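Here the structure comes first, spelled out in structure tokens, and everything after it is commentary.
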Amino acid sequence: MTEITQAKSYSPSDHEPVILARWSAAGCFHAEPTSSGAPYSVFIPPPNVTAALHLGHALNNTLQDVLVRVARMRGLNTMWMPGTDHAGIATQTVVEKRLLMQGKRRTDFTREEFVAKVQAWKDEYEAVILAQLREMGASCDEARTRFTMDPVCTAAVREAFFRLFQDGLIERGKRLVNWDPASQTALADDEVEMEEVDGFFWYLRYPLADGSGFVTVATTRPETMLGDTAVGVNPKDPRAAALRGKQVRLPIVDRVIPIIEDDYVVRPVELGGDPLDGKAKFASGFLKVTPAHDPNDWELGRRHNLQAINIMAPDGSISDRHGWTDVSAAARAFVGMSREEARVAVVAWFKTNGLLEKVIPYRHTVGHSYRSHVPVEPYLSDQWYVRVTDDRLCGSALRAMDEAQYEGERPASAPAARLGDGGLKFFPARYAKTFQHWHEGIRDWCISRQLWWGHRIPVWSKSFAVADAPEANAWTDRGACEMRRELSDGRIELFVCLPEALDATLGAQLTAAGFVQDPDVLDTWFSSALWPMSTLGWPNPARFELDGMLETFNPSAVLSTAREIITLWVSRMVMFNRYFLKGRLPFHSVFIHSVVQDGFGQKMSKSLGNGVDPRDIIATHGADAMRFVLTQISTPTQDVRLPIDMLCPFTQAAFAPKTITTASGHVVSAPTQLCPTDPKKQMVTAYGVSAGLVSATPETPLARNTSSRFDGGRNFVTKLWNAARFARAQCAGSTPSSDPVTAVALPDRWILARFALTVESIDRALGDYQFNQVADALYEFVWRDFCDWYLEAIKPTVQGDPVQQAVLRAVLDGILRIMHPVMPFVTEVLWEPVRSMSTAPVRGLDLPSASLLTVARWPTPAAELHDARAIESFERVQTLVTAIRNVRGERQVNDKRRITLHAPKEIIESIAAGGGAVETLAGLSRAEQVDPENRPADAVAFPFQGFELLVSGLVDAVDVGAERKRLEQTIADRTRAASGFQGKLNNAGYLAKARPEVIEETRRMLSQVQADLVAAQRTLETLSTTV
RNA sequence: GGGCGCUUAGCUCAGUUGGCUAGAGCACUGCCCUUACAUGGCAGGUGUCACAGGUUCGAAUCCUGUAGCGCUCACCA
């Protein structure tokens, strides 16, 4: 054996940086529109710049990298676009929290100063995130890295907004929004968290204006009654007729308001209400209608032309300066109170005046701001909306769906079938339903945010008296786009939207004319929705030297993301991409990966701070091990639970951290932990640091995390490493040859056939995004087939057999290729030595060499390698070997002891076909034909496929008692099995209806089991007579 | 309240149109430091497939219902 220099184990930290540098120097992840191959692109879901990535991101990015690396190896022009998202509200909140710890507020700074602080935060975390991606081995096109507020993305945002404005798909609306009174901004529906709270139903009496009695309304928010403008009743309510045309005198305010009839109002159960409707149990049958403070009432108000009276200031206090004009003397006392104080005071007033009928405790869900955690107030305010309910957007998204995944009939194509219709497919398929249902219930999208961090809304406005209003289209004629509306006070408000190119000229003119730019910014998802276009330079790639990019890499192949993103982002990308690019889809497939949870079943999240930094796992297990395990646990139905340990920075010992429960009820590791072996030493945790509770110091260092769930991956890396080490040693003396060889020996034919099948099943699994199947197929082939069976079988022969050496090298080469997408580092390290092994090529397995494995060809085994007979023969060898090992194991025969097998002619022939494999694998000195007349005295018998086989030389003396016990156990086992098969075959229905091949199989199984049974019984008899 | 998942070995999970005696990894037991690998090898035990019905010759798999868990959507009368 020639000396090879390969360490006994693989050290990830020694090799990973070297490999990264090599890939980087070769620039092999960079794609140009002009590069060869059909385009294959993936857009990374840009992570928030609020914090570092955790294992959930590692999972998503590993899976994307697997897809991207396979595509690249298949010779496609592969481009993976990396980048980050500015995440307006989330990032601003993080920075504001930090400022608050220094006793400062956003408003202590100018807008520019504050944005600079957020920018600094963004720069820091963007760098961390990109470094994390790199260390994981993500083969992104780094040179193309984008940030959603880069000039190229900003240009796209400006163009998109302008076009939508022009096309009438953006509107200014005074509507109810989710208002956060603490941070005083509008929130999107998805930024509202529902929380259960204990509340009350207050039943309030409203006297009829004519003094003929009263009606009772039920409410959970009595303070809003100050803004009531009607009382509703269901027309089917028996009391409705008598009240028709009557009015109510609103207590406190003295406002006289109508009683309106509407089907929406729920009747109490005793008056015909639906007992299954939860509301009917509490309803009084009369509904106070407050259009300015309740979304349902807003709709009711529109239907019945009711006034909307806003009684609150933006901070949630009762106010007479935001639309409430008829403030009575009694009501005056409430002005200035907070909404909480007003609630108490209103209830007290009703009680004092004998108008509080009853109070019932009630637990219900109330929306809270995910940002400030105060209850969200439905608040009437002016906001910008995208009319996503328009068929050009919502309808287009539904038409994009794959027909087979659509429930019911897709909306008709308007005006005609377009590019992209039906081309969007979800994996797993059930998520198509989420997408569909969301669009069917979609509402206009509020896109303005009262924040400073984000894309500023490019609209300038000014209000005019009617007489002073400029003539129509004065600004439109100069290249802008204008819109006007009449205000409640009769004045005219003029809005002018500018394209980016006119900022300098028209923008200055507008300012000079007294117009003011909207101070708000756009919802983050507005820019994210343009991601697959904006990053490629849309609308004008040439301006950013991105010629050809848009046409080449949009649509992309697949979007890989999390469940909740389907509505937030996937939907909006589909709508925008199709709208702006003539129906073109942003991606053909949507893959929804599973959720990574911590050991307590809680989703890892940046905001909770329970995420584990992938670099921690890379430090303890290596990137390849982490990636393999993440791939292996990516199943289509089950979320991933990862129990996390902590690594003591003083001793490097892993331990289970002490936990605490947060105010929100989550279990997280305590901010500070004690060293398990020396309680005098302390450390801080990632949770503590991310929550801003503690910080790492030399005395209290940060404890890194680890998880034993990644051990399997590390072991697999080691296994591959050593298999390569062994193979290299075995082939070290081979003579160079370029003449292709054909496998002759059974193990060689078998391993090639298995390799071909493995490649096939990986290709199939990748096509369905079944990543766990990819990992399992690799594991099964490399560890079980290649290492356990093939390498063991060829040990005695390979060094003198050039053909076998050729097969060994070829299969190992193939293994490196198919393992590479999942374990890119160790395979790349092994690539150079393995490709330079001097053996002959193998016919049917074309493996062109390449300077780097990353750009080597994905294997495509020829049909001739599929060898069903070799598989069948070798499987027979495996079964026989296992049976013999079984006997050895039971007797605890030393592995080194060679034994002799005595078998009938048929079995001896199978063994001969194995070419020595059985002898090697089962530890036989020889296999000889049994002589029934002359059984060896020390032989132990066992049934095998209906034959009685004997092995001798196991031990020095046979224990007859133990032998009998074992045989009796075998007989019981086979008897049970036989009666099971027999039962099936006795069943007339089975014989009549089951498929013939299934019946045939059962017959075969039965006869074999019966033969085993006979053989075992015969052995038992022999045993009895010999003693 | 609607929708979608999940419940299989001690633990974490596979199980693709219903069909071999229900599998893997980890953990556990026994024997092996055999010159690729102890991050290893060989062998072994472990399951009323949540529960109750139904369809079928046949159900972990399909249908209905129940219980528990999770996610998600929802206009806080």
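By order of appearance in the structure tokens: chains A, B, ..., then residues from 1 within every chain, and ligands from 1 in the order shown.
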
Next item on the list: Output as a PyMOL selection string the set of chain A residues within 8 Å of chain B, with distances taken over only C-alpha atoms (C1' of nucleotides).
Entry: chain A and resi 8+217-220+266+279+282-284+287+294-296+364-367+430+564+633+637-638+641+711-712+714-715+718-719+722-727+885-886+889-890+892-896+977+987-994+998+1001-1002+1005

Generate a file of the selected residues that holds C-alpha atoms, formatted as a PDB file, in the first residue's frame.
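Result file selection_26.pdb:
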ATOM      1  CA  LYS A   8      -7.858  10.130  10.224  1.00  0.00           C
ATOM      2  CA  VAL A 217     -77.237  47.806  23.265  1.00  0.00           C
ATOM      3  CA  ALA A 218     -74.404  45.443  24.258  1.00  0.00           C
ATOM      4  CA  THR A 219     -70.805  46.587  23.901  1.00  0.00           C
ATOM      5  CA  THR A 220     -67.295  45.731  24.981  1.00  0.00           C
ATOM      6  CA  VAL A 266     -77.482  39.559  15.130  1.00  0.00           C
ATOM      7  CA  LYS A 279     -72.733  36.500  19.275  1.00  0.00           C
ATOM      8  CA  PHE A 282     -74.834  37.858  24.142  1.00  0.00           C
ATOM      9  CA  ALA A 283     -76.683  40.037  21.688  1.00  0.00           C
ATOM     10  CA  SER A 284     -79.478  42.281  22.873  1.00  0.00           C
ATOM     11  CA  LEU A 287     -76.330  47.295  17.922  1.00  0.00           C
ATOM     12  CA  ASP A 294     -65.438  49.976  14.348  1.00  0.00           C
ATOM     13  CA  PRO A 295     -64.796  48.357  10.979  1.00  0.00           C
ATOM     14  CA  ASN A 296     -68.215  46.689  10.798  1.00  0.00           C
ATOM     15  CA  HIS A 364     -62.346  37.674  23.988  1.00  0.00           C
ATOM     16  CA  THR A 365     -59.532  38.322  21.567  1.00  0.00           C
ATOM     17  CA  VAL A 366     -58.358  41.843  21.003  1.00  0.00           C
ATOM     18  CA  GLY A 367     -55.853  43.012  18.426  1.00  0.00           C
ATOM     19  CA  ARG A 430     -51.935  21.962   0.263  1.00  0.00           C
ATOM     20  CA  GLU A 564     -46.864  32.818   6.858  1.00  0.00           C
ATOM     21  CA  ILE A 633     -35.282  16.676   8.781  1.00  0.00           C
ATOM     22  CA  THR A 637     -45.628  17.597   7.033  1.00  0.00           C
ATOM     23  CA  GLN A 638     -43.709  17.808  10.268  1.00  0.00           C
ATOM     24  CA  ARG A 641     -37.961  20.472  16.850  1.00  0.00           C
ATOM     25  CA  ASP A 711     -24.181  14.504  15.689  1.00  0.00           C
ATOM     26  CA  GLY A 712     -25.492  12.214  12.965  1.00  0.00           C
ATOM     27  CA  ARG A 714     -20.931  14.951  11.802  1.00  0.00           C
ATOM     28  CA  ASN A 715     -20.607  11.170  11.923  1.00  0.00           C
ATOM     29  CA  THR A 718     -16.420  11.380   9.069  1.00  0.00           C
ATOM     30  CA  LYS A 719     -17.681   8.220   7.420  1.00  0.00           C
ATOM     31  CA  ASN A 722     -12.678   7.698   5.831  1.00  0.00           C
ATOM     32  CA  ALA A 723     -14.262   5.837   2.971  1.00  0.00           C
ATOM     33  CA  ALA A 724     -12.375   8.122   0.623  1.00  0.00           C
ATOM     34  CA  ARG A 725      -9.219   7.648   2.629  1.00  0.00           C
ATOM     35  CA  PHE A 726      -9.561   3.892   2.354  1.00  0.00           C
ATOM     36  CA  ALA A 727     -10.381   3.934  -1.345  1.00  0.00           C
ATOM     37  CA  ARG A 885     -23.949 -13.319  11.077  1.00  0.00           C
ATOM     38  CA  ASN A 886     -27.123 -13.759  13.017  1.00  0.00           C
ATOM     39  CA  GLY A 889     -24.032 -13.061  16.901  1.00  0.00           C
ATOM     40  CA  GLU A 890     -26.235 -15.303  18.955  1.00  0.00           C
ATOM     41  CA  GLN A 892     -21.060 -14.563  20.384  1.00  0.00           C
ATOM     42  CA  VAL A 893     -18.518 -15.933  18.000  1.00  0.00           C
ATOM     43  CA  ASN A 894     -15.420 -13.769  17.805  1.00  0.00           C
ATOM     44  CA  ASP A 895     -15.325 -11.814  14.539  1.00  0.00           C
ATOM     45  CA  LYS A 896     -11.893 -13.176  13.758  1.00  0.00           C
ATOM     46  CA  ALA A 977     -46.132 -16.261  10.008  1.00  0.00           C
ATOM     47  CA  ASN A 987     -60.047 -16.162   2.219  1.00  0.00           C
ATOM     48  CA  ALA A 988     -62.185 -16.489  -0.927  1.00  0.00           C
ATOM     49  CA  GLY A 989     -62.605 -12.725  -1.222  1.00  0.00           C
ATOM     50  CA  TYR A 990     -58.866 -12.241  -1.220  1.00  0.00           C
ATOM     51  CA  LEU A 991     -58.340 -14.799  -3.964  1.00  0.00           C
ATOM     52  CA  ALA A 992     -61.134 -13.283  -6.005  1.00  0.00           C
ATOM     53  CA  LYS A 993     -60.276  -9.609  -5.698  1.00  0.00           C
ATOM     54  CA  ALA A 994     -56.631  -9.047  -4.869  1.00  0.00           C
ATOM     55  CA  VAL A 998     -49.992  -9.855  -4.732  1.00  0.00           C
ATOM     56  CA  GLU A1001     -46.230 -13.119  -3.595  1.00  0.00           C
ATOM     57  CA  THR A1002     -48.227 -14.386  -0.637  1.00  0.00           C
ATOM     58  CA  MET A1005     -43.880 -16.261   1.151  1.00  0.00           C
TER      59      MET A1005
END

Checklist line | Sel. of alpha helix (DSSP H) residues, stretch 664-783 of chain A, as a ChimeraX atom specification | finding: /A:686-690,711-730,746-767,771-779

Next item on the list: Excluding B:A22 and residues on its chain fewer than 3 positions from it, collect all residues at most 10 Å away from it, counting only C-alpha atoms (C1' of nucleotides), and give them as a list in words.
Entry: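 Contacts, with the query itself left out: U8, G15, G47, C49 and A60 of chain B.
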
Next item on the list: Mind the document's chain letters and residue numbers, and return as a count of residues only the residues of stretch 191-430 of chain A that DSSP labels strand (DSSP E or B).
Entry: 72
